[in-house]
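Q: File name data05.cif; file contents mmCIF, C-alpha atoms; full text below.
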data_entry
loop_
_atom_site.label_atom_id
_atom_site.label_comp_id
_atom_site.auth_asym_id
_atom_site.auth_seq_id
_atom_site.Cartn_x
_atom_site.Cartn_y
_atom_site.Cartn_z
CA MET A 1371 33.69 173.01 109.22
CA VAL A 1372 34.15 173.76 112.92
CA ASN A 1373 36.15 170.57 113.38
CA THR A 1374 38.37 171.52 110.44
CA LEU A 1375 39.08 174.99 111.91
CA SER A 1376 39.72 173.48 115.31
CA TYR A 1377 42.15 170.97 113.82
CA ARG A 1378 44.00 173.70 111.92
CA ARG A 1379 44.23 175.83 115.05
CA ARG A 1380 45.66 172.94 117.08
CA LEU A 1381 48.10 172.14 114.29
CA GLN A 1382 49.22 175.78 114.15
CA GLN A 1383 49.70 175.85 117.93
CA GLN A 1384 51.73 172.65 117.80
CA GLN A 1385 53.92 174.09 115.05
CA GLN A 1386 54.47 177.29 117.04
CA GLN A 1387 55.37 175.31 120.16
CA GLN A 1388 57.77 173.17 118.13
CA THR A 1389 59.42 176.33 116.82
CA ILE A 1390 59.83 177.60 120.40
CA ASN A 1391 61.23 174.26 121.54
CA ASP A 1392 63.66 174.13 118.62
CA SER A 1393 64.90 177.64 119.37
CA PHE A 1394 65.95 176.51 122.84
CA LYS A 1395 67.68 173.32 121.76
CA LEU A 1396 71.35 173.08 122.69
CA ILE A 1397 74.13 171.85 120.45
CA PRO A 1398 77.77 171.25 121.45
CA PHE A 1399 80.16 174.20 121.27
CA THR A 1400 83.09 172.98 119.17
CA HIS A 1401 85.69 175.72 119.70
CA LYS A 1402 86.18 175.29 123.46
CA VAL A 1403 89.89 174.66 124.07
CA GLY A 1404 90.14 174.80 127.88
CA GLY A 1405 88.14 174.37 131.06
CA HIS A 1406 85.87 171.57 132.23
CA VAL A 1407 82.45 173.25 132.53
CA ALA A 1408 79.81 172.17 130.00
CA MET A 1409 79.21 174.69 127.20
CA PHE A 1410 76.62 174.62 124.41
CA LYS A 1411 75.19 176.80 121.67
CA LEU A 1412 71.58 177.87 121.29
CA THR A 1413 70.21 176.88 117.89
CA SER A 1414 68.10 180.05 117.73
CA ASN A 1415 70.86 182.68 117.75
CA GLY A 1416 74.13 180.83 118.26
CA ALA A 1417 74.73 182.30 121.72
CA ILE A 1418 76.83 180.30 124.18
CA CYS A 1419 75.19 178.62 127.15
CA LYS A 1420 77.45 177.80 130.09
CA ASP A 1421 76.42 175.72 133.07
CA VAL A 1422 76.65 177.92 136.19
CA THR A 1423 74.93 175.68 138.73
CA ALA A 1424 76.28 176.48 142.21
CA THR A 1425 78.76 179.11 140.97
CA LYS A 1426 79.14 182.86 141.37
CA GLU A 1427 79.64 183.52 137.67
CA GLN A 1428 76.26 185.18 137.13
CA SER A 1429 76.77 187.70 139.94
CA PHE A 1430 80.25 188.57 138.70
CA TYR A 1431 79.02 189.17 135.13
CA GLU A 1432 76.23 191.36 136.49
CA ASP A 1433 78.66 193.33 138.67
CA LEU A 1434 80.91 194.06 135.69
CA GLN A 1435 78.00 195.59 133.79
CA TYR A 1436 78.48 198.66 136.02
CA HIS A 1437 82.09 199.01 134.84
CA THR A 1438 81.39 200.07 131.27
CA GLN A 1439 85.08 200.49 130.44
CA PHE A 1440 85.51 196.77 131.19
CA LEU A 1441 82.77 195.53 128.89
CA PRO A 1442 84.95 195.34 125.72
CA PHE A 1443 87.10 192.79 127.56
CA ILE A 1444 84.38 190.27 128.44
CA PRO A 1445 81.85 188.40 126.27
CA ARG A 1446 78.53 190.22 126.00
CA TYR A 1447 76.34 189.01 128.84
CA ILE A 1448 72.83 188.18 127.59
CA GLY A 1449 71.26 186.75 130.74
CA MET A 1450 70.14 183.46 132.27
CA ILE A 1451 68.18 180.55 130.85
CA GLN A 1452 66.70 177.42 132.41
CA ILE A 1453 66.91 174.25 130.31
CA ASP A 1454 66.83 171.36 132.77
CA GLN A 1455 69.54 173.31 134.61
CA GLU A 1456 70.74 176.90 134.86
CA PHE A 1457 72.91 178.43 132.17
CA ILE A 1458 74.29 181.89 131.67
CA VAL A 1459 73.98 183.06 128.08
CA ILE A 1460 76.91 184.95 126.52
CA GLU A 1461 77.92 185.83 122.99
CA ASP A 1462 79.90 183.44 120.82
CA LEU A 1463 83.25 185.16 120.22
CA THR A 1464 84.01 182.90 117.24
CA VAL A 1465 80.82 183.68 115.31
CA ASN A 1466 81.35 184.37 111.58
CA MET A 1467 84.97 183.25 111.79
CA LYS A 1468 86.05 180.77 109.11
CA LYS A 1469 88.83 179.13 111.13
CA PRO A 1470 88.83 180.39 114.73
CA CYS A 1471 92.26 180.23 116.32
CA VAL A 1472 91.87 180.26 120.10
CA LEU A 1473 94.45 180.53 122.88
CA ASP A 1474 93.17 179.96 126.42
CA LEU A 1475 95.51 181.43 129.05
CA LYS A 1476 94.98 180.75 132.74
CA MET A 1477 95.89 184.03 134.41
CA GLY A 1478 97.38 184.88 137.79
CA THR A 1479 99.62 183.28 140.39
CA ARG A 1480 96.69 181.89 142.39
CA GLN A 1481 93.89 179.71 140.98
CA TYR A 1482 91.87 178.53 144.00
CA GLY A 1483 88.89 180.57 145.19
CA VAL A 1484 88.34 182.22 148.55
CA TYR A 1485 85.88 179.48 149.60
CA ALA A 1486 87.94 176.53 148.32
CA SER A 1487 88.35 173.32 150.30
CA CYS A 1488 91.75 172.43 151.74
CA GLU A 1489 92.15 169.75 149.07
CA LYS A 1490 91.33 172.16 146.26
CA ARG A 1491 93.69 174.78 147.62
CA LYS A 1492 96.50 172.23 147.84
CA SER A 1493 95.99 170.84 144.32
CA GLN A 1494 95.68 174.27 142.71
CA THR A 1495 98.74 175.56 144.57
CA LEU A 1496 100.79 172.61 143.30
CA LYS A 1497 99.64 173.23 139.71
CA CYS A 1498 100.81 176.83 139.96
CA GLU A 1499 104.14 175.96 141.56
CA ARG A 1500 104.90 173.28 138.96
CA SER A 1501 103.98 175.43 135.96
CA THR A 1502 104.60 178.91 134.61
CA SER A 1503 101.74 180.28 136.72
CA ARG A 1504 104.01 180.92 139.69
CA SER A 1505 106.92 182.57 137.85
CA LEU A 1506 105.10 184.23 134.93
CA GLY A 1507 101.57 184.72 136.27
CA VAL A 1508 100.14 182.87 133.26
CA ARG A 1509 100.05 179.37 131.77
CA MET A 1510 98.66 177.88 128.59
CA CYS A 1511 95.38 176.09 129.27
CA GLY A 1512 94.44 175.14 125.71
CA MET A 1513 95.05 176.14 122.10
CA GLN A 1514 93.78 175.49 118.61
CA VAL A 1515 95.60 177.16 115.74
CA TYR A 1516 94.90 176.68 112.04
CA LYS A 1517 97.95 175.87 109.89
CA VAL A 1518 97.28 176.86 106.29
CA ASN A 1519 100.14 174.71 105.00
CA GLN A 1520 98.50 171.62 106.52
CA HIS A 1521 94.86 172.69 106.02
CA ALA A 1522 94.23 171.51 109.56
CA TYR A 1523 94.13 172.60 113.19
CA ASP A 1524 96.93 171.90 115.63
CA ILE A 1525 95.41 171.44 119.08
CA GLN A 1526 97.23 171.49 122.42
CA ASP A 1527 95.59 170.87 125.78
CA LYS A 1528 96.10 171.99 129.37
CA TYR A 1529 98.37 169.03 130.15
CA ILE A 1530 100.89 170.26 127.60
CA GLY A 1531 100.49 173.75 129.05
CA ARG A 1532 101.38 172.59 132.56
CA LYS A 1533 104.69 171.15 131.34
CA LEU A 1534 105.91 174.28 129.56
CA THR A 1535 108.99 176.02 130.86
CA PRO A 1536 109.12 179.85 130.65
CA THR A 1537 111.10 179.61 127.41
CA LYS A 1538 108.69 177.06 125.93
CA PHE A 1539 105.77 179.24 126.94
CA HIS A 1540 107.17 182.16 124.95
CA GLU A 1541 107.71 179.85 122.00
CA THR A 1542 104.09 178.70 122.26
CA LEU A 1543 102.89 182.31 121.92
CA HIS A 1544 104.95 182.59 118.74
CA TYR A 1545 103.60 179.28 117.47
CA TYR A 1546 100.04 180.46 118.08
CA LEU A 1547 100.54 183.51 115.85
CA HIS A 1548 102.21 181.48 113.10
CA ASP A 1549 99.93 180.07 110.40
CA GLY A 1550 102.46 177.51 109.15
CA GLN A 1551 103.81 179.85 106.49
CA GLN A 1552 104.40 183.16 108.23
CA LEU A 1553 104.18 185.00 111.50
CA LEU A 1554 100.97 187.05 111.56
CA ILE A 1555 102.85 190.14 112.66
CA GLN A 1556 99.93 192.48 111.91
CA HIS A 1557 98.07 191.22 114.98
CA ILE A 1558 100.78 192.12 117.51
CA PRO A 1559 100.37 195.95 117.70
CA VAL A 1560 96.61 195.58 118.23
CA LEU A 1561 97.17 192.85 120.79
CA LEU A 1562 99.69 194.95 122.70
CA GLN A 1563 97.33 197.90 122.75
CA LYS A 1564 94.56 195.75 124.22
CA LEU A 1565 96.85 194.15 126.81
CA ARG A 1566 98.12 197.53 128.04
CA ARG A 1567 94.62 198.90 128.26
CA LEU A 1568 93.45 195.83 130.18
CA ALA A 1569 96.37 196.22 132.62
CA LEU A 1570 95.29 199.78 133.37
CA LEU A 1571 91.73 198.60 134.02
CA ILE A 1572 92.82 195.80 136.36
CA ARG A 1573 94.95 198.31 138.25
CA SER A 1574 91.88 200.53 138.66
CA LEU A 1575 89.88 197.75 140.37
CA PRO A 1576 91.25 197.39 143.91
CA GLY A 1577 89.61 194.60 145.86
CA TYR A 1578 88.69 192.60 142.76
CA ARG A 1579 90.29 189.20 142.27
CA PHE A 1580 90.22 187.19 139.06
CA PHE A 1581 91.15 183.83 140.58
CA GLY A 1582 90.77 180.93 138.13
CA SER A 1583 89.78 183.15 135.21
CA SER A 1584 91.10 182.76 131.67
CA LEU A 1585 92.17 185.23 129.04
CA LEU A 1586 91.11 184.24 125.51
CA ILE A 1587 93.00 185.45 122.46
CA ILE A 1588 91.10 184.80 119.23
CA TYR A 1589 91.71 185.47 115.54
CA ASP A 1590 90.49 184.08 112.23
CA GLY A 1591 93.07 181.79 110.62
CA LEU A 1592 91.63 182.34 107.14
CA ASN A 1593 90.66 186.00 107.29
CA PRO A 1594 93.63 188.34 107.99
CA SER A 1595 91.36 191.40 107.88
CA CYS A 1596 89.42 190.16 110.92
CA PRO A 1597 90.95 191.90 113.98
CA ILE A 1598 92.40 189.85 116.81
CA ASP A 1599 90.24 189.75 119.94
CA LEU A 1600 91.01 189.54 123.65
CA ARG A 1601 88.44 188.61 126.34
CA ILE A 1602 88.36 187.47 129.96
CA ILE A 1603 86.14 184.46 130.76
CA ASP A 1604 85.45 182.03 133.62
CA PHE A 1605 84.43 184.07 136.68
CA ALA A 1606 83.20 181.26 138.94
CA HIS A 1607 85.91 181.92 141.57
CA CYS A 1608 86.38 185.65 141.08
CA VAL A 1609 85.71 188.20 143.83
CA THR A 1610 84.09 191.64 143.56
CA LEU A 1611 84.92 194.65 145.72
CA LYS A 1612 81.48 194.44 147.36
CA GLU A 1613 82.06 190.81 148.30
CA MET A 1614 85.49 191.69 149.67
CA GLN A 1615 83.97 194.41 151.83
CA THR A 1616 80.95 192.50 153.13
CA ARG A 1617 81.91 188.81 153.25
CA VAL A 1618 85.64 188.69 153.89
CA HIS A 1619 84.96 187.15 157.33
CA GLU A 1620 83.26 184.21 155.58
CA MET A 1621 86.20 183.49 153.29
CA SER A 1622 88.32 180.44 154.00
CA TRP A 1623 91.27 181.90 152.12
CA PRO A 1624 90.91 185.70 151.81
CA PRO A 1625 93.43 187.59 149.66
CA GLU A 1626 96.60 188.67 151.42
CA TYR A 1627 96.23 192.32 150.43
CA PRO A 1628 92.47 192.83 150.00
CA GLU A 1629 92.72 196.57 149.29
CA ASP A 1630 95.14 196.11 146.38
CA PRO A 1631 94.39 195.17 142.78
CA ASP A 1632 95.10 191.62 141.56
CA HIS A 1633 98.92 191.67 141.40
CA GLY A 1634 99.14 188.07 140.19
CA TYR A 1635 96.93 188.87 137.22
CA LEU A 1636 98.98 191.98 136.47
CA LEU A 1637 102.15 189.88 136.46
CA GLY A 1638 100.62 187.61 133.82
CA LEU A 1639 99.64 190.60 131.67
CA GLN A 1640 103.16 191.99 131.89
CA THR A 1641 104.57 188.62 130.84
CA LEU A 1642 102.38 188.69 127.72
CA ILE A 1643 103.28 192.31 126.95
CA ASP A 1644 107.00 191.58 127.26
CA SER A 1645 106.71 188.45 125.09
CA PHE A 1646 104.77 190.04 122.26
CA GLU A 1647 106.99 193.15 122.32
CA GLN A 1648 110.07 190.94 122.06
CA MET A 1649 108.46 188.97 119.25
CA TYR A 1650 107.59 192.12 117.33
CA HIS A 1651 111.00 193.76 117.79
CA SER A 1652 112.82 190.57 116.81
CA TYR A 1653 110.73 190.33 113.64
CA SER A 1654 111.39 193.98 112.79
CA PHE A 1655 115.12 193.61 113.43
CA THR A 1656 115.55 190.60 111.15
CA ASN A 1657 113.39 192.23 108.49
CA ASN A 1658 115.34 195.48 108.51
CA ASN A 1659 118.62 193.62 108.16
CA ASN A 1660 117.39 191.49 105.25
CA LYS A 1661 117.79 188.33 107.26
CA GLU A 1662 115.59 185.33 107.32
CA VAL A 1663 112.29 186.54 108.81
CA GLU A 1664 111.07 183.28 110.20
CA VAL A 1665 113.24 181.65 112.86
CA SER A 1666 113.16 178.24 114.37
CA LEU A 1667 110.65 179.36 116.99
CA TYR A 1668 107.96 178.05 114.65
CA GLN A 1669 109.08 174.50 115.32
CA ASN A 1670 106.99 174.14 118.43
CA ASN A 1671 107.04 171.03 120.57
CA ASN A 1672 103.60 169.60 119.91
CA ASN A 1673 105.06 166.23 120.90
CA ASN A 1674 107.32 167.65 123.63
CA LYS A 1675 110.27 167.74 121.23
CA ASP A 1676 113.06 170.19 121.95
CA THR A 1677 113.14 173.31 119.85
CA THR A 1678 115.82 175.91 119.34
CA THR A 1679 115.51 179.64 119.33
CA SER A 1680 117.72 182.28 117.79
CA THR A 1681 116.90 184.83 120.46
CA ILE A 1682 116.88 184.91 124.23
CA ILE A 1683 113.55 186.04 125.62
CA THR A 1684 113.67 187.32 129.15
CA THR A 1685 110.86 186.48 131.53
CA ALA A 1686 108.65 189.11 133.05
CA THR A 1687 109.61 190.59 136.39
CA SER A 1688 107.46 191.93 139.15
CA SER A 1689 108.67 195.51 138.54
CA PHE A 1690 105.36 196.18 136.80
CA LEU A 1691 103.58 195.55 140.07
#
Would you mind writing the structure in this file as structure tokens?
A:
Amino acid sequence: MVNTLSYRRRLQQQQQQQTINDSFKLIPFTHKVGGHVAMFKLTSNGAICKDVTATKEQSFYEDLQYHTQFLPFIPRYIGMIQIDQEFIVIEDLTVNMKKPCVLDLKMGTRQYGVYASCEKRKSQTLKCERSTSRSLGVRMCGMQVYKVNQHAYDIQDKYIGRKLTPTKFHETLHYYLHDGQQLLIQHIPVLLQKLRRLALLIRSLPGYRFFGSSLLIIYDGLNPSCPIDLRIIDFAHCVTLKEMQTRVHEMSWPPEYPEDPDHGYLLGLQTLIDSFEQMYHSYSFTNNNNKEVEVSLYQNNNNNKDTTTSTIITTATSSFL
């Protein structure tokens, strides 16, 4: 009898331990469209685990917790976890979406961090100069968009993004909001409201730098009632005001104007605001005049084919700064 109870107790303990182990198992995250850092999902709650070994990402997330007005613009920070290596745990922004459509935008005119090597600084500077990062303050780093007419995703990577001209970049934004049948115009007013609010917040954070960070735009390709979302991610090379004040002498490449907000990031936000405003006004104009609503902007160059556009979209200027 004692042996039977002892066996049952050991079996129960083994089952409980297995449950704990299973809850901390990692599975691949399938909706990552940009970046090179490993990302996984926890099987227990679906949260995202991101490898942060030897990065500053944890400290930046923790610093932003004190800026409550900023929290709606970053994934919810859950904490740290150790599974063979260190991961930060953040919410999955695509949870409950049927067909997540994700646009990863690399923001700012500078991508290398303040402690970067000479080689890294050189390579990142060249990427900015040869892409829309330098002129627009933003470049496409990855995209997946669900086309209902094809019942499939169209996926574009960072290498396509680096080759885009300013005009092609604006066309890519249009393509991202097009489901293959129509422009999802209902998302633009909400998106513009979020972008303007984010610009005000960035302006209110002098000393902070968002070098190398990305801006994610996310919507559900099969659920029009699901609101479009906008979040900043990837803080491994970002700088807080405290760090700027206490460690600037340690920085290999300190910011040129350390007491200012991140002007390069603000330029990228203004580019997006101008583009989506132009897109919305162009749609409204053609609608009001009973013209064809959809223009040839939809014919994006997934294979680097030339496309035509029935409207001239001006690039953002630095007047916003």
Q: Spell out the residues picked by the PyMOL selection byres ((chain A and resi 1555) around 12) here, as a tab-separated table (two decimals) with C-alpha atoms, keeping the file's coordinate frame.
A:
chain	number	residue	atom	x	y	z
A	1544	HIS	CA	104.95	182.59	118.74
A	1545	TYR	CA	103.60	179.28	117.47
A	1546	TYR	CA	100.04	180.46	118.08
A	1547	LEU	CA	100.54	183.51	115.85
A	1548	HIS	CA	102.21	181.48	113.10
A	1549	ASP	CA	99.93	180.07	110.40
A	1552	GLN	CA	104.40	183.16	108.23
A	1553	LEU	CA	104.18	185.00	111.50
A	1554	LEU	CA	100.97	187.05	111.56
A	1556	GLN	CA	99.93	192.48	111.91
A	1557	HIS	CA	98.07	191.22	114.98
A	1558	ILE	CA	100.78	192.12	117.51
A	1559	PRO	CA	100.37	195.95	117.70
A	1560	VAL	CA	96.61	195.58	118.23
A	1561	LEU	CA	97.17	192.85	120.79
A	1562	LEU	CA	99.69	194.95	122.70
A	1594	PRO	CA	93.63	188.34	107.99
A	1598	ILE	CA	92.40	189.85	116.81
A	1646	PHE	CA	104.77	190.04	122.26
A	1647	GLU	CA	106.99	193.15	122.32
A	1648	GLN	CA	110.07	190.94	122.06
A	1649	MET	CA	108.46	188.97	119.25
A	1650	TYR	CA	107.59	192.12	117.33
A	1651	HIS	CA	111.00	193.76	117.79
A	1652	SER	CA	112.82	190.57	116.81
A	1653	TYR	CA	110.73	190.33	113.64
A	1654	SER	CA	111.39	193.98	112.79
A	1657	ASN	CA	113.39	192.23	108.49
A	1663	VAL	CA	112.29	186.54	108.81
A	1664	GLU	CA	111.07	183.28	110.20
Q: Would you write out, as a PDB file with C-alpha atoms, in the coordinates of the input, every residue that the PyMOL selection byres ((chain A and resi 1519) around 12) captures in this file?
A:
ATOM      1  CA  VAL A1515      95.600 177.160 115.740  1.00  0.00           C
ATOM      2  CA  TYR A1516      94.900 176.680 112.040  1.00  0.00           C
ATOM      3  CA  LYS A1517      97.950 175.870 109.890  1.00  0.00           C
ATOM      4  CA  VAL A1518      97.280 176.860 106.290  1.00  0.00           C
ATOM      5  CA  GLN A1520      98.500 171.620 106.520  1.00  0.00           C
ATOM      6  CA  HIS A1521      94.860 172.690 106.020  1.00  0.00           C
ATOM      7  CA  ALA A1522      94.230 171.510 109.560  1.00  0.00           C
ATOM      8  CA  TYR A1523      94.130 172.600 113.190  1.00  0.00           C
ATOM      9  CA  ASP A1524      96.930 171.900 115.630  1.00  0.00           C
ATOM     10  CA  HIS A1548     102.210 181.480 113.100  1.00  0.00           C
ATOM     11  CA  ASP A1549      99.930 180.070 110.400  1.00  0.00           C
ATOM     12  CA  GLY A1550     102.460 177.510 109.150  1.00  0.00           C
ATOM     13  CA  GLN A1551     103.810 179.850 106.490  1.00  0.00           C
ATOM     14  CA  GLN A1552     104.400 183.160 108.230  1.00  0.00           C
ATOM     15  CA  GLY A1591      93.070 181.790 110.620  1.00  0.00           C
ATOM     16  CA  LEU A1592      91.630 182.340 107.140  1.00  0.00           C
TER      17      LEU A1592
END
Q: Given only C-alpha atoms as the basis, pick out the residue of A:Thr1616, A:Thr1502, A:Ser1487, A:Gln1563 nearest to Thr1537 of chain A.
A: A:Thr1502
Q: Please compute the atom CA of Val1609 of chain A-atom CA of Gln1452 of chain A distance, one decimal, in Å.
A: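 If I compute the distance from atom CA of Val1609 of chain A to atom CA of Gln1452 of chain A, I get 24.7 Å.
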Q: Let me know the residues the PyMOL selection byres ((chain A and resi 1580) around 10) catches in the file above, as a list in words.
A: Met1477, Gly1478, Arg1480, Gln1481, Gly1483, Ile1572, Tyr1578, Arg1579, Phe1581, Gly1582, Ser1583, Ser1584, Ile1602, Ile1603, Asp1604, Phe1605, Ala1606, His1607, Cys1608, Val1609, Thr1610, Pro1631, Asp1632, Gly1634 and Tyr1635 of chain A
Q: For Arg1566 of chain A, find every residue with an atom within 9 Å (counting all atoms listed in the file), except residues of its own chain fewer than 6 positions away, and show them as a list of chain:residue names.
A: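 Close residues of Arg1566 of chain A: A:Leu1639, A:Gln1640, A:Ile1643.
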Q: Between atom CA of Lys1411 of chain A and atom CA of Pro1445 of chain A, measure the distance and give it in Å to one decimal.
A: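 For atom CA of Lys1411 of chain A relative to atom CA of Pro1445 of chain A, the distance reads 14.1 Å.
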Q: What's the 9 Å shell around Pro1625 of chain A, counting all atoms listed in the file, without same-chain residues fewer than 6 positions away, as a list in words?
A: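 Residues meeting the cut-off are Val1484, Gly1577, Arg1579, Met1614 and Val1618 of chain A.
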Q: Could you check which of A:Leu1575, A:Lys1490, A:Gly1507, A:Gln1514 is closest to Lys1612 of chain A, using all atoms listed in the file?
A: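 Using all atoms listed in the file, Lys1612 of chain A sits closest to A:Leu1575.
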Q: Find the distance between atom CA of Trp1623 of chain A and atom CA of Ser1574 of chain A and write it in Å to one decimal.
A: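 Computing the Euclidean distance for atom CA of Trp1623 of chain A and atom CA of Ser1574 of chain A yields 23.0 Å.
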Q: Select, from A:His1540, A:Arg1601, A:Lys1528, A:Arg1491, the residue with the minimum atom-to-atom distance to Asp1462 of chain A, counting only C-alpha atoms.
A: A:Arg1601
Q: Using all atoms listed in the file, pick whichever of A:Leu1506, A:Ala1569, A:Pro1628, A:Val1459 has the shortest atom-to-atom distance to Phe1539 of chain A.
A: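 Smallest distance to Phe1539 of chain A is found for A:Leu1506.
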Q: Rank A:Met1513, A:Asp1454, A:Leu1585, A:Pro1576 by their smallest atom-to-atom distance to Leu1600 of chain A, using all atoms listed in the file, and report the top residue only.
A: A:Leu1585
Q: Given all atoms listed in the file as the basis, pick out the residue of A:Ser1501, A:Asn1593, A:Gln1439, A:Thr1495 nearest to Arg1567 of chain A.
A: A:Gln1439
Q: List the neighbours of Leu1475 of chain A out to 8 Å using all atoms listed in the file; skip same-chain residues closer than 4 positions along the sequence, and give me the result as JSON, numbers by chain.
A: {"A": [1508, 1509, 1510, 1511, 1512, 1584, 1585, 1586]}
Q: Would you mind listing what lies within 9 Å of Val1465 of chain A as a list in words, with all atoms listed in the file counted and same-chain residues fewer than 3 positions away left out?
A: Gly1416, Ala1417, Glu1461, Asp1462, Lys1468 and Pro1470 of chain A
Q: At a cut-off of 9 Å, using all atoms listed in the file, what residues contact segment 1431-1438 of chain A? Leave out same-chain residues fewer than 2 positions from it and give the result as a PyMOL selection string.
A: chain A and resi 1426-1429+1440-1442+1444+1447+1449+1605+1610
Q: Is it possible to get the axis-aligned box enclosing segment 1525-1532 of chain A (all listed atoms, 6 Å extra per side) as JSON, with centre and edge lengths in Å rounded to one decimal?
A:
{"center_x": 98.4, "center_y": 171.4, "center_z": 125.8, "size_x": 18.0, "size_y": 16.7, "size_z": 25.5}
